[in-house]
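*Asks:* One structure, as structure tokens, below. Some questions next.
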Amino acid sequence: MTTANRLAPRRSSDAGGFVPPILAVPAIVGLALLVVPLGALVARVDWTTLWADVTSPEAVSALTLSLVTGLVATAVCVVLGVPMALAIARSGPRASAVLRAIVTVPLVLPPMVGGVALLFLFGRTGPVGAALDAWWGIRIPFTTAAVVLAQVFVALPFLVLALEGAIRTSGLEYERTAATLGARRWTILWRVTLPLAAPGLVAGVILCFARAIGEFGATALFAGNAPGVTQTMPLAIYTAFNGSGVGRGPAVALALLLLVAAIAVLLLVRAWRPGAQR
């Protein structure tokens with residue numbers, strides 16, 4: 001084979017690499033395991049009553065609470081997560097590794113454990129909860145504020161890790177140039193650092209909101225399941241399929257809404273990903 005032949009462009013048949021064809025079988029089984037259950041969910045939707053199910057008082061209450069608390073939690077995550085991402089991205093290798101590991105813990109921690117941890121911290125016998133109760137008479141567990149805290153706990157890592165990666169990828173060259181030209185730190189942050197990391201910030205915000213409205217485990221333990229107060233969409237769905245709360249029809253309709261929201265999130269994240277193919 002000549003050098004020219006070796007350097008010739010690959011044929012279209014080689015575009016997928018040289019993976020053994022037999023591996024397509026478990027790949028198809030795995031794909032079916034992910035897609036078929038979602039198809040079964042869609043098949044159980046009663047399209048003739050879908051609008052009535054979604055607009056029932058119980059469903060509207062759960063949907064409204066999920067959206068409102070999800071938006072508030074996302075705003076809190078932005079306020080806390082942007083400085084965290086900056087600190088991790090601009091720290092030394094060892095410090096950033098430790099900070100990144102700490103931020104990642106809620107992603108691998110069972111949500112129920114997170115709810116127990118929040119309850120032990122903010123409960124009446126917890127250090128923060130006891131102080132809030134003694135000084136101002138504030139009790140957080142089993143309130144709407146507890147829903148927001150639980151959502152922040154599980155969703156914050158998504159924003160921090162997405163933004164930290166974008167900031168680290170953008171490098172320091174433009175910031176150094178701006179500093180050389182006399183720009184102050186805040187000006188560099190708002191005019192250089194964050195605009196360069198905008199795709200990561202937007203993707204992080206979208207993922208953060210999606211994770212917040214889909215939170216279940218930590219919310220159930222820390223906030224409870226009171227309709228109109230702490231019963232979000234996941235809790236309403238769980239309650240319905242355990243024989244109480246909203247009916248099965250509204251529960252399936254809410255599950256479909258969460259599925260549509262998840263697909264929309266994936267499309268938005270792909271659209272904002274640097275170098276994504278449109």
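Starting from 1 in every chain, residues are counted up; chains themselves are A, B, ... following the order of the structure tokens, and ligands are numbered from 1 as listed.
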Which residues of stretch 90-190 of chain A sit at most 12 Å from stretch 47-69 of chain A, using only C-alpha atoms? Give each one's shortest atom pair and distance in Å (one decimal place), in chain and ascending residue order, as a tab-separated table.
*Replies:*
```
residue	atom	partner	partner_atom	distance
A:Thr143	CA	A:Thr69	CA	11.4
A:Thr144	CA	A:Thr69	CA	7.7
A:Ala145	CA	A:Thr69	CA	8.3
A:Ala146	CA	A:Thr69	CA	9.8
A:Val147	CA	A:Thr69	CA	6.9
A:Val148	CA	A:Thr69	CA	5.5
A:Leu149	CA	A:Thr69	CA	9.3
A:Ala150	CA	A:Thr69	CA	10.1
A:Gln151	CA	A:Thr69	CA	8.0
A:Val152	CA	A:Thr69	CA	9.7
```
*Asks:* Could you save those same residues with N, CA and C atoms as an mmCIF file, in the first residue's frame?
*Replies:*
```cif
data_model
loop_
_atom_site.group_PDB
_atom_site.id
_atom_site.type_symbol
_atom_site.label_atom_id
_atom_site.label_comp_id
_atom_site.auth_asym_id
_atom_site.auth_seq_id
_atom_site.Cartn_x
_atom_site.Cartn_y
_atom_site.Cartn_z
ATOM 1 N N THR A 143 -42.300 22.759 54.602
ATOM 2 C CA THR A 143 -42.833 24.005 54.059
ATOM 3 C C THR A 143 -42.388 24.124 52.603
ATOM 4 N N THR A 144 -42.927 25.125 51.922
ATOM 5 C CA THR A 144 -42.523 25.356 50.539
ATOM 6 C C THR A 144 -41.046 25.718 50.450
ATOM 7 N N ALA A 145 -40.539 26.415 51.469
ATOM 8 C CA ALA A 145 -39.107 26.732 51.490
ATOM 9 C C ALA A 145 -38.259 25.466 51.519
ATOM 10 N N ALA A 146 -38.747 24.427 52.177
ATOM 11 C CA ALA A 146 -38.018 23.158 52.208
ATOM 12 C C ALA A 146 -37.959 22.538 50.815
ATOM 13 N N VAL A 147 -39.019 22.707 50.022
ATOM 14 C CA VAL A 147 -39.005 22.210 48.646
ATOM 15 C C VAL A 147 -37.883 22.887 47.860
ATOM 16 N N VAL A 148 -37.776 24.203 48.013
ATOM 17 C CA VAL A 148 -36.741 24.951 47.294
ATOM 18 C C VAL A 148 -35.349 24.504 47.730
ATOM 19 N N LEU A 149 -35.144 24.339 49.030
ATOM 20 C CA LEU A 149 -33.840 23.911 49.528
ATOM 21 C C LEU A 149 -33.471 22.529 49.000
ATOM 22 N N ALA A 150 -34.428 21.624 48.986
ATOM 23 C CA ALA A 150 -34.162 20.281 48.466
ATOM 24 C C ALA A 150 -33.813 20.340 46.981
ATOM 25 N N GLN A 151 -34.515 21.166 46.240
ATOM 26 C CA GLN A 151 -34.225 21.299 44.816
ATOM 27 C C GLN A 151 -32.847 21.910 44.583
ATOM 28 N N VAL A 152 -32.484 22.903 45.380
ATOM 29 C CA VAL A 152 -31.159 23.513 45.249
ATOM 30 C C VAL A 152 -30.076 22.482 45.535
#
```
*Asks:* May I have the residues within 7 Å of stretch 253-269 of chain A as a PDB file with C-alpha atoms, in the first residue's frame, using only C-alpha atoms and disregarding those fewer than 2 positions away in the same chain?
*Replies:*
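The new file selection-v1.pdb reads:
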```
ATOM      1  CA  VAL A  42     -47.318   7.547  26.098  1.00  0.00           C
ATOM      2  CA  VAL A  45     -52.304   8.610  27.961  1.00  0.00           C
ATOM      3  CA  LEU A  50     -55.575  15.020  28.448  1.00  0.00           C
ATOM      4  CA  ASP A  53     -56.504  15.986  33.335  1.00  0.00           C
ATOM      5  CA  VAL A  54     -53.731  18.569  33.083  1.00  0.00           C
ATOM      6  CA  ALA A 203     -26.804  24.707  29.540  1.00  0.00           C
ATOM      7  CA  ILE A 206     -31.486  24.520  31.796  1.00  0.00           C
ATOM      8  CA  LEU A 207     -30.222  21.302  33.365  1.00  0.00           C
ATOM      9  CA  ALA A 210     -35.035  20.359  34.786  1.00  0.00           C
ATOM     10  CA  MET A 233     -45.431  16.988  40.203  1.00  0.00           C
ATOM     11  CA  ILE A 237     -47.608  11.232  40.458  1.00  0.00           C
ATOM     12  CA  GLY A 249     -55.484  10.227  34.501  1.00  0.00           C
ATOM     13  CA  PRO A 250     -53.963  13.475  35.802  1.00  0.00           C
ATOM     14  CA  ALA A 251     -50.966  11.498  37.117  1.00  0.00           C
ATOM     15  CA  ALA A 271     -28.566  23.688  20.801  1.00  0.00           C
ATOM     16  CA  TRP A 272     -26.363  25.660  23.212  1.00  0.00           C
ATOM     17  CA  ARG A 273     -23.479  23.199  23.249  1.00  0.00           C
TER      18      ARG A 273
END
```
*Asks:* Of the candidates A:Phe18, A:Phe241, A:Phe209, A:Trp190, which one gets nearest to A:Phe158 if we count only C-alpha atoms?
*Replies:*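 That would be A:Phe209, the residue with the smallest distance to A:Phe158.
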*Asks:* Fewer than 3 positions away in the same chain doesn't count, so skip those; otherwise give me all residues within 6 Å of A:Glu164, counting only C-alpha atoms, as a PyMOL selection string.
*Replies:* chain A and resi 85+89+160-161+167
*Asks:* Please produce a file of those selected residues containing all heavy atoms, as a PDB file, in the first residue's frame.
*Replies:*
```pdb
ATOM      1  N   ALA A  85     -18.439  28.019  40.573  1.00  0.00           N
ATOM      2  CA  ALA A  85     -17.795  27.590  39.332  1.00  0.00           C
ATOM      3  C   ALA A  85     -16.530  28.397  39.061  1.00  0.00           C
ATOM      4  O   ALA A  85     -15.510  27.844  38.634  1.00  0.00           O
ATOM      5  CB  ALA A  85     -18.783  27.725  38.166  1.00  0.00           C
ATOM      6  N   ALA A  89     -12.820  26.766  38.815  1.00  0.00           N
ATOM      7  CA  ALA A  89     -12.088  26.897  37.556  1.00  0.00           C
ATOM      8  C   ALA A  89     -10.774  27.635  37.719  1.00  0.00           C
ATOM      9  O   ALA A  89      -9.814  27.372  36.989  1.00  0.00           O
ATOM     10  CB  ALA A  89     -12.958  27.609  36.520  1.00  0.00           C
ATOM     11  N   VAL A 160     -23.035  24.168  38.400  1.00  0.00           N
ATOM     12  CA  VAL A 160     -21.629  24.421  38.734  1.00  0.00           C
ATOM     13  C   VAL A 160     -20.698  23.680  37.789  1.00  0.00           C
ATOM     14  O   VAL A 160     -19.751  24.257  37.240  1.00  0.00           O
ATOM     15  CB  VAL A 160     -21.351  24.033  40.198  1.00  0.00           C
ATOM     16  CG1 VAL A 160     -19.855  24.146  40.504  1.00  0.00           C
ATOM     17  CG2 VAL A 160     -22.134  24.916  41.148  1.00  0.00           C
ATOM     18  N   LEU A 161     -20.936  22.401  37.565  1.00  0.00           N
ATOM     19  CA  LEU A 161     -20.042  21.607  36.727  1.00  0.00           C
ATOM     20  C   LEU A 161     -20.096  22.036  35.262  1.00  0.00           C
ATOM     21  O   LEU A 161     -19.064  22.071  34.581  1.00  0.00           O
ATOM     22  CB  LEU A 161     -20.389  20.128  36.859  1.00  0.00           C
ATOM     23  CG  LEU A 161     -20.172  19.527  38.261  1.00  0.00           C
ATOM     24  CD1 LEU A 161     -20.612  18.069  38.289  1.00  0.00           C
ATOM     25  CD2 LEU A 161     -18.719  19.655  38.686  1.00  0.00           C
ATOM     26  N   ILE A 167     -15.815  27.675  31.728  1.00  0.00           N
ATOM     27  CA  ILE A 167     -14.838  28.698  32.134  1.00  0.00           C
ATOM     28  C   ILE A 167     -13.422  28.171  31.966  1.00  0.00           C
ATOM     29  O   ILE A 167     -12.530  28.871  31.462  1.00  0.00           O
ATOM     30  CB  ILE A 167     -15.088  29.117  33.590  1.00  0.00           C
ATOM     31  CG1 ILE A 167     -16.433  29.831  33.719  1.00  0.00           C
ATOM     32  CG2 ILE A 167     -13.974  30.035  34.086  1.00  0.00           C
ATOM     33  CD1 ILE A 167     -16.836  30.143  35.150  1.00  0.00           C
TER      34      ILE A 167
END
```
*Asks:* Counting only C-alpha atoms, which residue out of A:Ala43, A:Ala240, A:Ala155, A:Leu107 sits closest to A:Asn225?
*Replies:* A:Ala240
*Asks:* Restricting the calculation to only C-alpha atoms: of A:Val113, A:Ala134, A:Met84, A:Val154, which residue gets closest to A:Gly70?
*Replies:*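 So, comparing all the options, the nearest one is A:Val154.
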*Asks:* May I ask for the distance between atom CA of A:Thr177 and atom CA of A:Leu196, given in Å to one decimal place?
*Replies:*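 Distance between the two atoms: 13.9 Å.
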*Asks:* Leaving out stretch 126-130 of chain A and any residue of its chain fewer than 6 positions from it, which residues lie within 8 Å of it when counting only C-alpha atoms, given as a list of chain:residue names?
*Replies:*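 Answer for this query is A:Leu119, A:Phe120, A:Ile138, A:Arg139, A:Ile140.
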*Asks:* Set the distance at 10 Å and use only C-alpha atoms: which residues neighbour A:Ala226 once local chain neighbours fewer than 6 positions away are removed? I'd like the list as a ChimeraX atom specification.
*Replies:* /A:142-144,220,232,235-236,245
*Asks:* Using only all heavy atoms, please write the residues we just selected to a file, as a PDB file, in the first residue's frame.
*Replies:*
```
ATOM      1  N   PHE A 142     -40.978  20.733  55.927  1.00  0.00           N
ATOM      2  CA  PHE A 142     -42.388  20.536  55.577  1.00  0.00           C
ATOM      3  C   PHE A 142     -43.075  21.857  55.212  1.00  0.00           C
ATOM      4  O   PHE A 142     -44.253  22.061  55.494  1.00  0.00           O
ATOM      5  CB  PHE A 142     -43.125  19.823  56.715  1.00  0.00           C
ATOM      6  CG  PHE A 142     -42.426  18.573  57.156  1.00  0.00           C
ATOM      7  CD1 PHE A 142     -41.770  18.522  58.377  1.00  0.00           C
ATOM      8  CD2 PHE A 142     -42.379  17.462  56.331  1.00  0.00           C
ATOM      9  CE1 PHE A 142     -41.098  17.381  58.782  1.00  0.00           C
ATOM     10  CE2 PHE A 142     -41.704  16.315  56.724  1.00  0.00           C
ATOM     11  CZ  PHE A 142     -41.057  16.275  57.953  1.00  0.00           C
ATOM     12  N   THR A 143     -42.300  22.759  54.602  1.00  0.00           N
ATOM     13  CA  THR A 143     -42.833  24.005  54.059  1.00  0.00           C
ATOM     14  C   THR A 143     -42.388  24.124  52.603  1.00  0.00           C
ATOM     15  O   THR A 143     -41.560  23.347  52.119  1.00  0.00           O
ATOM     16  CB  THR A 143     -42.328  25.223  54.847  1.00  0.00           C
ATOM     17  OG1 THR A 143     -40.896  25.322  54.689  1.00  0.00           O
ATOM     18  CG2 THR A 143     -42.658  25.109  56.326  1.00  0.00           C
ATOM     19  N   THR A 144     -42.927  25.125  51.922  1.00  0.00           N
ATOM     20  CA  THR A 144     -42.523  25.356  50.539  1.00  0.00           C
ATOM     21  C   THR A 144     -41.046  25.718  50.450  1.00  0.00           C
ATOM     22  O   THR A 144     -40.359  25.358  49.478  1.00  0.00           O
ATOM     23  CB  THR A 144     -43.385  26.473  49.920  1.00  0.00           C
ATOM     24  OG1 THR A 144     -44.764  26.138  50.059  1.00  0.00           O
ATOM     25  CG2 THR A 144     -43.062  26.640  48.436  1.00  0.00           C
ATOM     26  N   ALA A 220     -39.471  14.585  49.330  1.00  0.00           N
ATOM     27  CA  ALA A 220     -40.410  13.770  50.088  1.00  0.00           C
ATOM     28  C   ALA A 220     -40.027  13.688  51.561  1.00  0.00           C
ATOM     29  O   ALA A 220     -40.893  13.767  52.447  1.00  0.00           O
ATOM     30  CB  ALA A 220     -40.495  12.374  49.478  1.00  0.00           C
ATOM     31  N   THR A 232     -45.188  18.546  44.793  1.00  0.00           N
ATOM     32  CA  THR A 232     -44.782  18.869  43.435  1.00  0.00           C
ATOM     33  C   THR A 232     -45.268  17.791  42.470  1.00  0.00           C
ATOM     34  O   THR A 232     -45.902  16.814  42.880  1.00  0.00           O
ATOM     35  CB  THR A 232     -43.250  18.989  43.367  1.00  0.00           C
ATOM     36  OG1 THR A 232     -42.672  17.762  43.820  1.00  0.00           O
ATOM     37  CG2 THR A 232     -42.759  20.137  44.226  1.00  0.00           C
ATOM     38  N   LEU A 235     -44.216  14.147  43.270  1.00  0.00           N
ATOM     39  CA  LEU A 235     -44.927  13.647  44.452  1.00  0.00           C
ATOM     40  C   LEU A 235     -46.394  13.388  44.139  1.00  0.00           C
ATOM     41  O   LEU A 235     -46.984  12.430  44.652  1.00  0.00           O
ATOM     42  CB  LEU A 235     -44.797  14.647  45.596  1.00  0.00           C
ATOM     43  CG  LEU A 235     -43.413  14.709  46.246  1.00  0.00           C
ATOM     44  CD1 LEU A 235     -43.300  15.929  47.142  1.00  0.00           C
ATOM     45  CD2 LEU A 235     -43.140  13.444  47.041  1.00  0.00           C
ATOM     46  N   ALA A 236     -47.010  14.227  43.319  1.00  0.00           N
ATOM     47  CA  ALA A 236     -48.402  14.004  42.931  1.00  0.00           C
ATOM     48  C   ALA A 236     -48.539  12.721  42.130  1.00  0.00           C
ATOM     49  O   ALA A 236     -49.494  11.958  42.304  1.00  0.00           O
ATOM     50  CB  ALA A 236     -48.918  15.199  42.128  1.00  0.00           C
ATOM     51  N   GLY A 245     -54.680  11.081  46.379  1.00  0.00           N
ATOM     52  CA  GLY A 245     -54.254  12.295  45.692  1.00  0.00           C
ATOM     53  C   GLY A 245     -54.957  12.435  44.352  1.00  0.00           C
ATOM     54  O   GLY A 245     -56.133  12.099  44.211  1.00  0.00           O
TER      55      GLY A 245
END
```
*Asks:* In Å to one decimal, how far is atom CA of A:Gly115 from atom CA of A:Ile213?
*Replies:*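 Interatomic distance here is 15.6 Å.
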*Asks:* I'd like to know which of A:Ala40, A:Ala24, A:Leu33, A:Ile88 is closest to A:Arg100, using only C-alpha atoms.
*Replies:* A:Ile88
*Asks:* Of the candidates A:Gly171, A:Gly81, A:Gly92, A:Pro110, which shows the shortest atom-to-atom distance to A:Cys208, using only C-alpha atoms?
*Replies:* A:Gly81
*Asks:* Report the distance between atom CA of A:Thr104 and atom CA of A:Pro157 in Å, rounded to one decimal place.
*Replies:*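 Spanning atom CA of A:Thr104 to atom CA of A:Pro157 is a straight-line distance of 6.1 Å.
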